[in-house]
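With compact mmCIF, C-alpha atoms and all ligand atoms inside, this is query_9.txt:
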# COMPACT_ATOMS: atom_id res chain seq x y z
CA MET A 23 -3.52 -17.04 -15.84
CA SER A 24 -1.76 -18.13 -12.69
CA GLU A 25 1.44 -16.92 -11.14
CA SER A 26 2.84 -20.45 -11.48
CA SER A 27 2.41 -20.45 -15.25
CA LEU A 28 4.31 -17.17 -15.36
CA SER A 29 7.07 -18.69 -13.30
CA ASP A 30 7.06 -21.79 -15.56
CA ALA A 31 7.38 -19.51 -18.60
CA LEU A 32 10.24 -17.63 -16.94
CA GLU A 33 12.02 -20.91 -16.06
CA ALA A 34 11.72 -21.99 -19.71
CA ALA A 35 12.97 -18.64 -21.03
CA THR A 36 16.08 -18.70 -18.86
CA ARG A 37 16.96 -22.36 -19.43
CA GLY A 38 20.41 -22.53 -21.00
CA VAL A 39 21.30 -18.90 -20.18
CA PRO A 40 24.49 -18.88 -18.05
CA VAL A 41 23.51 -17.96 -14.48
CA ALA A 42 26.66 -15.84 -14.06
CA GLN A 43 25.57 -13.63 -16.96
CA LEU A 44 22.06 -13.31 -15.56
CA THR A 45 23.30 -12.43 -12.08
CA ALA A 46 25.69 -9.80 -13.41
CA ALA A 47 22.90 -8.23 -15.48
CA VAL A 48 20.50 -8.32 -12.50
CA ARG A 49 23.07 -6.54 -10.33
CA ARG A 50 23.67 -3.86 -12.96
CA LEU A 51 19.98 -3.32 -13.65
CA SER A 52 18.90 -3.24 -10.02
CA ASP A 53 21.64 -0.70 -9.17
CA ARG A 54 20.45 1.48 -12.03
CA TYR A 55 16.72 1.12 -11.26
CA ARG A 56 17.37 2.04 -7.62
CA GLN A 57 18.57 5.47 -8.81
CA GLU A 58 15.05 6.25 -10.14
CA SER A 59 16.48 8.86 -12.48
CA PRO A 60 15.58 9.65 -16.11
CA ALA A 61 17.23 7.48 -18.75
CA SER A 62 18.28 8.92 -22.09
CA ALA A 63 18.69 5.41 -23.58
CA PRO A 64 16.89 2.14 -22.79
CA LEU A 65 18.17 0.61 -19.53
CA MET A 66 17.58 -2.90 -20.89
CA ALA A 67 20.41 -2.68 -23.38
CA SER A 68 20.89 -6.30 -24.47
CA ALA A 69 19.01 -9.58 -24.83
CA ILE A 70 20.62 -10.80 -21.57
CA ASP A 71 19.39 -7.64 -19.79
CA VAL A 72 15.88 -8.38 -20.98
CA VAL A 73 15.91 -11.99 -19.76
CA ALA A 74 17.49 -10.89 -16.47
CA TYR A 75 14.81 -8.21 -16.02
CA ALA A 76 12.07 -10.74 -16.63
CA ALA A 77 13.61 -13.24 -14.21
CA TYR A 78 14.10 -10.89 -11.28
CA ARG A 79 11.42 -8.18 -11.72
CA MET A 80 8.48 -9.63 -13.60
CA PRO A 81 6.98 -11.68 -10.73
CA ALA A 82 6.97 -8.51 -8.60
CA THR A 83 5.68 -6.10 -11.25
CA TYR A 84 3.01 -8.68 -12.17
CA ALA A 85 1.95 -8.88 -8.51
CA ALA A 86 1.80 -5.07 -8.13
CA CYS A 87 -0.30 -4.76 -11.32
CA HIS A 88 -2.61 -7.52 -10.11
CA ALA A 89 -3.06 -5.93 -6.67
CA ALA A 90 -3.74 -2.45 -8.09
CA LEU A 91 -6.09 -3.62 -10.84
CA SER A 92 -8.16 -5.57 -8.30
CA SER A 93 -9.57 -2.19 -7.18
CA LEU A 94 -11.16 -1.43 -10.54
CA PRO A 95 -14.94 -0.96 -10.10
CA THR A 96 -16.71 -4.11 -11.26
CA GLU A 97 -18.80 -2.18 -13.76
CA VAL A 98 -15.66 -1.62 -15.85
CA VAL A 99 -15.39 -4.58 -18.18
CA VAL A 100 -11.91 -4.87 -19.63
CA SER A 101 -11.47 -6.59 -22.95
CA SER A 102 -8.60 -4.56 -24.39
CA VAL A 103 -5.52 -3.12 -22.71
CA LEU A 104 -2.68 -0.92 -23.89
CA ASP A 105 0.47 -1.28 -21.76
CA LEU A 106 2.82 1.70 -22.25
CA GLY A 107 6.47 0.80 -21.66
CA GLY A 108 5.18 -2.74 -21.21
CA GLY A 109 8.64 -4.34 -21.09
CA THR A 110 8.36 -8.12 -20.96
CA GLY A 111 4.59 -8.06 -20.47
CA ALA A 112 3.97 -8.32 -16.72
CA ALA A 113 0.74 -6.28 -16.89
CA ALA A 114 -0.69 -8.61 -19.55
CA TRP A 115 -0.39 -11.54 -17.14
CA ALA A 116 -2.19 -9.59 -14.41
CA VAL A 117 -4.89 -8.52 -16.85
CA ASP A 118 -5.39 -12.09 -18.03
CA SER A 119 -5.77 -13.37 -14.48
CA LEU A 120 -8.49 -10.78 -13.75
CA TRP A 121 -10.23 -10.68 -17.15
CA PRO A 122 -9.40 -13.96 -18.90
CA GLY A 123 -9.16 -13.53 -22.65
CA ALA A 124 -8.62 -9.75 -22.56
CA ARG A 125 -6.06 -8.71 -25.16
CA THR A 126 -3.07 -6.57 -24.16
CA THR A 127 -1.06 -4.55 -26.64
CA ILE A 128 2.44 -4.04 -25.27
CA ALA A 129 3.93 -0.76 -26.53
CA GLU A 130 7.65 -1.09 -25.94
CA GLN A 131 10.81 0.49 -27.34
CA VAL A 132 13.21 -2.45 -26.77
CA PRO A 133 12.90 -5.12 -29.52
CA ALA A 134 14.25 -7.95 -27.32
CA ALA A 135 11.68 -7.10 -24.62
CA ARG A 136 8.83 -7.22 -27.14
CA SER A 137 10.09 -10.51 -28.45
CA LEU A 138 10.45 -12.07 -24.97
CA ALA A 139 7.00 -10.76 -23.98
CA LEU A 140 5.52 -12.65 -26.93
CA ASP A 141 7.52 -15.83 -26.21
CA LEU A 142 6.55 -15.84 -22.53
CA ALA A 143 2.89 -15.33 -23.36
CA ALA A 144 2.72 -18.19 -25.89
CA GLY A 145 -0.08 -20.36 -24.48
CA GLY A 146 -0.78 -17.66 -21.86
CA PRO A 147 -2.28 -14.19 -22.06
CA ALA A 148 -3.42 -12.80 -25.41
CA VAL A 149 -0.81 -10.20 -26.36
CA ALA A 150 0.42 -8.16 -29.28
CA ALA A 151 3.57 -6.06 -29.18
CA VAL A 152 4.21 -2.83 -31.03
CA PRO A 153 7.38 -0.74 -31.20
CA TRP A 154 6.86 2.53 -29.36
CA ARG A 155 8.90 5.24 -27.71
CA LEU A 156 7.33 8.23 -25.99
CA GLY A 157 6.87 11.00 -28.57
CA GLU A 158 5.91 8.58 -31.33
CA SER A 159 2.28 8.24 -32.31
CA LEU A 160 0.36 5.17 -31.22
CA ALA A 161 -2.65 4.03 -33.23
CA VAL A 162 -4.12 1.87 -30.48
CA SER A 163 -6.79 2.69 -27.93
CA ALA A 164 -8.09 0.36 -25.26
CA ASP A 165 -10.54 -0.01 -22.38
CA LEU A 166 -7.63 0.21 -19.94
CA VAL A 167 -4.19 1.81 -20.35
CA THR A 168 -1.41 0.79 -17.95
CA ALA A 169 2.09 2.14 -17.35
CA SER A 170 3.91 0.27 -14.61
CA TYR A 171 7.37 1.33 -13.38
CA VAL A 172 7.85 3.62 -16.39
CA LEU A 173 7.52 7.19 -15.02
CA SER A 174 10.72 6.77 -12.99
CA GLU A 175 12.74 6.56 -16.24
CA LEU A 176 11.33 9.85 -17.52
CA THR A 177 11.89 13.56 -16.92
CA ASP A 178 9.02 15.57 -15.39
CA VAL A 179 7.98 16.84 -18.82
CA GLN A 180 8.07 13.32 -20.27
CA GLN A 181 6.04 12.02 -17.33
CA ASP A 182 3.31 14.58 -18.10
CA SER A 183 3.43 13.57 -21.71
CA LEU A 184 3.13 9.84 -20.89
CA VAL A 185 0.13 10.52 -18.64
CA SER A 186 -1.49 12.51 -21.50
CA VAL A 187 -0.92 9.59 -23.86
CA ALA A 188 -2.47 7.22 -21.30
CA LEU A 189 -5.54 9.43 -20.82
CA SER A 190 -6.07 10.02 -24.51
CA HIS A 191 -5.79 6.32 -25.43
CA ALA A 192 -8.00 4.93 -22.62
CA ARG A 193 -11.75 4.43 -22.85
CA TRP A 194 -12.49 3.61 -19.20
CA ALA A 195 -9.44 3.34 -16.99
CA VAL A 196 -5.78 4.22 -16.50
CA LEU A 197 -3.38 2.53 -14.10
CA LEU A 198 -0.02 4.05 -13.15
CA ILE A 199 2.36 2.16 -10.86
CA GLU A 200 5.69 3.30 -9.45
CA PRO A 201 8.14 1.92 -6.90
CA GLY A 202 6.81 2.42 -3.36
CA THR A 203 9.48 4.97 -2.52
CA PRO A 204 9.11 8.68 -1.63
CA GLY A 205 10.18 9.46 -5.22
CA GLY A 206 7.66 7.03 -6.72
CA TYR A 207 4.91 8.56 -4.57
CA GLN A 208 5.87 12.09 -5.74
CA ARG A 209 5.59 11.00 -9.37
CA ILE A 210 2.18 9.47 -8.66
CA LEU A 211 1.07 12.69 -6.92
CA ARG A 212 2.17 14.73 -9.94
CA ALA A 213 0.23 12.40 -12.27
CA ARG A 214 -2.76 12.55 -9.91
CA SER A 215 -3.08 16.35 -10.37
CA GLN A 216 -2.97 15.92 -14.13
CA VAL A 217 -5.55 13.13 -14.10
CA LEU A 218 -7.95 15.17 -11.93
CA GLN A 219 -7.44 18.27 -14.06
CA ALA A 220 -8.40 16.21 -17.11
CA GLY A 221 -11.74 15.45 -15.39
CA TRP A 222 -11.01 11.80 -14.56
CA GLN A 223 -12.00 10.22 -11.23
CA ILE A 224 -9.76 8.34 -8.81
CA ALA A 225 -10.89 4.77 -8.22
CA ALA A 226 -7.96 3.87 -5.94
CA PRO A 227 -6.11 4.22 -3.66
CA CYS A 228 -7.33 7.73 -2.68
CA PRO A 229 -10.88 7.83 -1.28
CA HIS A 230 -11.19 11.51 -2.30
CA ALA A 231 -9.99 14.01 -4.89
CA LEU A 232 -8.77 16.57 -2.32
CA GLY A 233 -5.10 17.27 -1.63
CA CYS A 234 -3.12 14.30 -0.29
CA PRO A 235 -3.15 14.59 3.52
CA LEU A 236 0.14 12.75 4.05
CA VAL A 237 3.01 14.85 5.30
CA ALA A 238 6.70 14.05 4.64
CA PRO A 239 8.52 11.95 5.70
CA ASP A 240 5.35 9.86 5.28
CA TRP A 241 4.37 8.70 1.80
CA CYS A 242 1.56 6.66 0.34
CA HIS A 243 2.60 3.18 -0.68
CA PHE A 244 1.45 -0.40 -0.43
CA ALA A 245 3.01 -3.85 -0.48
CA VAL A 246 2.32 -7.19 -2.01
CA ARG A 247 3.99 -10.46 -1.01
CA VAL A 248 5.65 -12.23 -3.91
CA PRO A 249 6.74 -15.87 -3.69
CA ARG A 250 10.34 -16.26 -4.84
CA SER A 251 11.07 -19.12 -7.19
CA SER A 252 14.40 -20.95 -7.15
CA LEU A 253 15.24 -19.08 -10.38
CA HIS A 254 14.66 -15.77 -8.58
CA ARG A 255 16.76 -16.83 -5.60
CA GLN A 256 19.54 -17.90 -7.97
CA VAL A 257 19.71 -14.65 -9.92
CA LYS A 258 18.97 -12.23 -7.08
CA GLY A 259 20.61 -14.06 -4.17
CA GLY A 260 19.08 -14.38 -0.69
CA GLU A 261 17.34 -17.26 1.01
CA LEU A 262 13.83 -16.01 1.80
CA SER A 263 11.00 -17.77 -0.01
CA TYR A 264 9.21 -14.46 -0.60
CA GLU A 265 9.80 -10.76 -1.02
CA ASP A 266 7.52 -7.80 -0.33
CA GLU A 267 7.13 -5.58 -3.36
CA LYS A 268 6.40 -2.00 -2.31
CA PHE A 269 4.54 0.12 -4.80
CA SER A 270 2.67 3.42 -5.18
CA TYR A 271 -0.16 3.60 -7.66
CA LEU A 272 -3.06 5.51 -9.12
CA LEU A 273 -6.09 3.88 -10.70
CA ALA A 274 -8.26 6.42 -12.50
CA VAL A 275 -11.56 5.99 -14.32
CA ALA A 276 -13.32 8.15 -16.88
CA ARG A 277 -15.87 10.68 -15.64
CA ASP A 278 -18.87 8.63 -16.81
CA VAL A 279 -17.92 5.49 -14.85
CA ALA A 280 -20.08 5.03 -11.72
CA VAL A 281 -17.62 4.78 -8.84
CA PRO A 282 -18.85 3.15 -5.60
CA GLU A 283 -19.26 5.34 -2.49
CA PRO A 284 -15.66 5.78 -1.25
CA SER A 285 -14.49 4.21 1.99
CA ALA A 286 -11.31 4.75 3.99
CA ARG A 287 -8.06 3.18 2.76
CA VAL A 288 -5.79 1.33 5.21
CA LEU A 289 -2.34 2.92 4.91
CA ARG A 290 -0.27 0.65 7.19
CA HIS A 291 -0.23 -2.88 8.50
CA PRO A 292 -2.94 -2.82 11.21
CA VAL A 293 -1.53 -3.21 14.70
CA LYS A 294 -3.53 -5.86 16.57
CA ARG A 295 -3.51 -6.00 20.37
CA LYS A 296 -5.81 -7.79 22.78
CA GLY A 297 -9.29 -6.37 22.15
CA LEU A 298 -7.94 -3.48 20.05
CA VAL A 299 -6.98 -2.86 16.43
CA GLU A 300 -5.05 0.28 15.53
CA LEU A 301 -5.57 1.41 11.94
CA THR A 302 -3.92 4.18 9.96
CA LEU A 303 -6.49 5.44 7.49
CA CYS A 304 -6.89 7.84 4.59
CA ARG A 305 -10.53 8.98 4.82
CA PRO A 306 -13.11 10.17 2.29
CA ASP A 307 -13.26 13.59 4.03
CA GLY A 308 -9.63 14.20 2.97
CA SER A 309 -8.07 13.54 6.38
CA ALA A 310 -5.60 10.82 7.36
CA GLY A 311 -4.73 9.45 10.77
CA ARG A 312 -5.00 6.70 13.32
CA GLU A 313 -8.16 5.06 14.58
CA ILE A 314 -8.29 2.67 17.50
CA VAL A 315 -11.14 0.21 17.11
CA SER A 316 -12.04 -1.67 20.30
CA LYS A 317 -13.87 -4.93 20.85
CA LYS A 318 -16.78 -2.94 22.30
CA GLN A 319 -17.48 -1.66 18.77
CA GLY A 320 -18.66 -5.16 17.77
CA PRO A 321 -19.06 -5.41 13.97
CA ARG A 322 -16.59 -2.54 13.36
CA TYR A 323 -13.99 -4.35 15.47
CA ARG A 324 -14.56 -7.61 13.61
CA ALA A 325 -14.18 -5.76 10.28
CA ALA A 326 -11.01 -4.04 11.55
CA ARG A 327 -9.52 -7.42 12.53
CA ASP A 328 -9.98 -8.65 8.97
CA VAL A 329 -8.50 -5.75 7.00
CA ASP A 330 -4.94 -5.49 5.81
CA TRP A 331 -2.65 -2.78 4.50
CA GLY A 332 -4.12 -1.45 1.24
CA ASP A 333 -7.69 -2.62 1.89
CA ASN A 334 -10.80 -0.46 2.13
CA PHE A 335 -12.31 -0.04 5.58
CA VAL A 336 -15.93 1.06 5.80
C1 LIG B 1 11.27 -0.86 -15.41
S1 LIG B 1 10.69 -1.25 -16.99
C2 LIG B 1 8.98 -1.69 -16.66
C3 LIG B 1 8.47 -2.72 -17.61
C4 LIG B 1 7.06 -3.20 -17.32
N1 LIG B 1 6.11 -2.13 -17.44
C5 LIG B 1 6.95 -3.84 -15.98
O1 LIG B 1 6.19 -3.34 -15.12
O2 LIG B 1 7.60 -4.86 -15.74
C6 LIG B 1 10.49 0.35 -17.73
C7 LIG B 1 9.99 0.29 -19.15
O3 LIG B 1 9.74 1.62 -19.62
C8 LIG B 1 10.16 1.69 -20.95
N2 LIG B 1 10.54 3.09 -21.27
C9 LIG B 1 11.48 3.83 -20.67
N3 LIG B 1 11.59 5.03 -21.27
C10 LIG B 1 10.69 5.04 -22.28
C11 LIG B 1 10.34 5.99 -23.28
N4 LIG B 1 10.96 7.18 -23.35
N5 LIG B 1 9.37 5.66 -24.16
C12 LIG B 1 8.76 4.46 -24.08
N6 LIG B 1 9.04 3.50 -23.16
C13 LIG B 1 10.01 3.80 -22.27
C14 LIG B 1 11.39 0.79 -21.01
O4 LIG B 1 11.72 0.38 -22.32
C15 LIG B 1 10.97 -0.35 -20.10
O5 LIG B 1 10.35 -1.39 -20.79
Written as structure tokens, how would this file's structure read?
Ligand SMILES: C[S@@+](CC[C@H](N)C(=O)[O-])C[C@H]1O[C@@H](n2cnc3c(N)ncnc32)[C@H](O)[C@@H]1O
Amino acid sequence: MSESSLSDALEAATRGVPVAQLTAAVRRLSDRYRQESPASAPLMASAIDVVAYAAYRMPATYAACHAALSSLPTEVVVSSVLDLGGGTGAAAWAVDSLWPGARTTIAEQVPAARSLALDLAAGGPAVAAVPWRLGESLAVSADLVTASYVLSELTDVQQDSLVSVALSHARWAVLLIEPGTPGGYQRILRARSQVLQAGWQIAAPCPHALGCPLVAPDWCHFAVRVPRSSLHRQVKGGELSYEDEKFSYLLAVARDVAVPEPSARVLRHPVKRKGLVELTLCRPDGSAGREIVSKKQGPRYRAARDVDWGDNFV
């Protein structure tokens, strides 16, 4: 399912909703989400909040899910997905674009979000929506369990509990995504320890299961460029035709999945100068640092010229 059909669905869902109401809700929600602090009650508190969330966040959370899921080893065939805290269904659109026809069950506490997720997906991804709040039982398991931009609304204890739910309901893979901030990275690191302790393997982004070599103020995050529709520009303001969504993530696979030989991960935009490419890499031996690749290195240089932030580099 293409990005443009998602944006068409969003255009249709917002038609007739007063722009002033949407913009006010976007401002309120984005201020609150920026705090990245636990929420005792749903942050999307009204139907307008839900539509506003979909209009200003869904293209970006879709793009982050799509980018992260693209690293899943090809041997993992996904036909069912459980999306914890699935909101308005962004992950389902990413899943459908990678594994057309796969069915996503959106487990979501906010009724208006479940309802909008179903409306948006009419004629698009195959989705079901079930009411769910962390702590309640969930009688669904799936090949892949996702939780995107959910941990930041939870306390540490709740985060551990959500990761346990994800691991216990997934057959092959679990994807966790957080904002690409130092706080988001810390939550991913915490989840990473839990995932490794449970005997799961990391498929991406880490090329090893050793301690993370990054040292503060550095943090592991990636970015994906998201085209901004006129609807997005209207509700969020700003003139640029794109925005860069920064995200931190962890893609884990069950112990019996054959994971390809790991290669280094590019941690920054490569710096390209005449005859030289400077890469910042996280390496399979557990180290991280810079590598200058020169034209004299032939094929390695040509490979370095082609990689981007977030890619693997052999
Ligand atoms: C920022 S939204 C992300 C929505 C969607 N996953 C996405 O990527 O667009 C956070 C979601 O987490 C859900 N959530 C927050 N706290 C929760 C809890 N205690 N139990 C279940 N879901 C929760 C919210 O209802 C909301 O849909």
Per residue of chain A within 9 Å of ligand LIG 1 (chain B), record the nearest atom pair and its distance in Å to one decimal, counting all atoms listed in the file, with rows in chain order and ascending residue number, as a Markdown table.
| residue | atom | partner | partner_atom | distance |
| --- | --- | --- | --- | --- |
| A:Tyr55 | CA | B:LIG1 | C1 | 7.1 |
| A:Pro60 | CA | B:LIG1 | N3 | 8.0 |
| A:Ala61 | CA | B:LIG1 | N3 | 6.6 |
| A:Ser62 | CA | B:LIG1 | N4 | 7.6 |
| A:Ala63 | CA | B:LIG1 | N3 | 7.5 |
| A:Pro64 | CA | B:LIG1 | O4 | 5.5 |
| A:Leu65 | CA | B:LIG1 | C14 | 6.9 |
| A:Met66 | CA | B:LIG1 | O4 | 6.9 |
| A:Val72 | CA | B:LIG1 | O5 | 8.9 |
| A:Tyr75 | CA | B:LIG1 | O2 | 8.0 |
| A:Ala76 | CA | B:LIG1 | O2 | 7.4 |
| A:Arg79 | CA | B:LIG1 | O2 | 6.5 |
| A:Met80 | CA | B:LIG1 | O2 | 5.3 |
| A:Pro81 | CA | B:LIG1 | O2 | 8.5 |
| A:Ala82 | CA | B:LIG1 | O2 | 8.0 |
| A:Thr83 | CA | B:LIG1 | O1 | 4.8 |
| A:Tyr84 | CA | B:LIG1 | O1 | 6.9 |
| A:Ala86 | CA | B:LIG1 | O1 | 8.4 |
| A:Cys87 | CA | B:LIG1 | O1 | 7.7 |
| A:Asp105 | CA | B:LIG1 | N1 | 7.2 |
| A:Leu106 | CA | B:LIG1 | N6 | 6.5 |
| A:Gly107 | CA | B:LIG1 | C8 | 3.9 |
| A:Gly108 | CA | B:LIG1 | N1 | 3.9 |
| A:Gly109 | CA | B:LIG1 | O5 | 3.4 |
| A:Thr110 | CA | B:LIG1 | O2 | 6.2 |
| A:Gly111 | CA | B:LIG1 | C4 | 6.3 |
| A:Ala112 | CA | B:LIG1 | O2 | 5.1 |
| A:Ala113 | CA | B:LIG1 | O1 | 6.4 |
| A:Ile128 | CA | B:LIG1 | N1 | 8.9 |
| A:Ala129 | CA | B:LIG1 | N6 | 7.5 |
| A:Glu130 | CA | B:LIG1 | N6 | 5.5 |
| A:Gln131 | CA | B:LIG1 | O4 | 5.1 |
| A:Val132 | CA | B:LIG1 | O4 | 5.5 |
| A:Ala135 | CA | B:LIG1 | O5 | 7.0 |
| A:Arg136 | CA | B:LIG1 | O5 | 8.8 |
| A:Pro153 | CA | B:LIG1 | C12 | 8.9 |
| A:Trp154 | CA | B:LIG1 | C12 | 5.9 |
| A:Arg155 | CA | B:LIG1 | N5 | 3.6 |
| A:Leu156 | CA | B:LIG1 | N5 | 3.8 |
| A:Gly157 | CA | B:LIG1 | N5 | 7.4 |
| A:Glu158 | CA | B:LIG1 | N5 | 8.5 |
| A:Thr168 | CA | B:LIG1 | N1 | 8.1 |
| A:Ala169 | CA | B:LIG1 | N1 | 5.9 |
| A:Ser170 | CA | B:LIG1 | O1 | 4.3 |
| A:Tyr171 | CA | B:LIG1 | C2 | 4.7 |
| A:Val172 | CA | B:LIG1 | O3 | 4.2 |
| A:Leu173 | CA | B:LIG1 | O3 | 7.6 |
| A:Ser174 | CA | B:LIG1 | C6 | 8.0 |
| A:Glu175 | CA | B:LIG1 | C9 | 5.4 |
| A:Leu176 | CA | B:LIG1 | N3 | 6.1 |
| A:Gln180 | CA | B:LIG1 | N4 | 7.5 |
| A:Leu184 | CA | B:LIG1 | N5 | 8.2 |
| A:Ile199 | CA | B:LIG1 | O1 | 7.9 |
| A:Glu200 | CA | B:LIG1 | O1 | 8.7 |
For this session: Find the spatial neighbours of segment 300-317 of chain A, counting only C-alpha atoms, within a cut-off of 6 Å - ignore same-chain residues fewer than 5 positions away - and output them as a ChimeraX atom specification.
Result: /A:229-230,232,235,286-290,292-293,323
Write out the residues from the selection above, keeping C-alpha atoms, as a tab-separated table (two decimals), keeping the file's coordinate frame.
chain	number	residue	atom	x	y	z
A	229	PRO	CA	-10.88	7.83	-1.28
A	230	HIS	CA	-11.19	11.51	-2.30
A	232	LEU	CA	-8.77	16.57	-2.32
A	235	PRO	CA	-3.15	14.59	3.52
A	286	ALA	CA	-11.31	4.75	3.99
A	287	ARG	CA	-8.06	3.18	2.76
A	288	VAL	CA	-5.79	1.33	5.21
A	289	LEU	CA	-2.34	2.92	4.91
A	290	ARG	CA	-0.27	0.65	7.19
A	292	PRO	CA	-2.94	-2.82	11.21
A	293	VAL	CA	-1.53	-3.21	14.70
A	323	TYR	CA	-13.99	-4.35	15.47
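Around Val187 of chain A, within 10 Å and counting all atoms listed in the file, the residues found are Leu106, Leu156, Gly157, Ser159, Leu160, Ser163, Val167, Gln181, Asp182, Ser183, His191 and Ala192 of chain A, once anything fewer than 4 positions away on its own chain is removed.
When only C-alpha atoms are used to measure the gap to Val275 of chain A, the shortest distance among A:Ala47, A:Ala144, A:Leu197, A:Ala69 belongs to A:Leu197.
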For this session: Determine the nearest neighbour of Lys294 of chain A from the options A:Val329, A:Leu44, A:Leu140, A:Val217, counting all atoms listed in the file.
Result: A:Val329
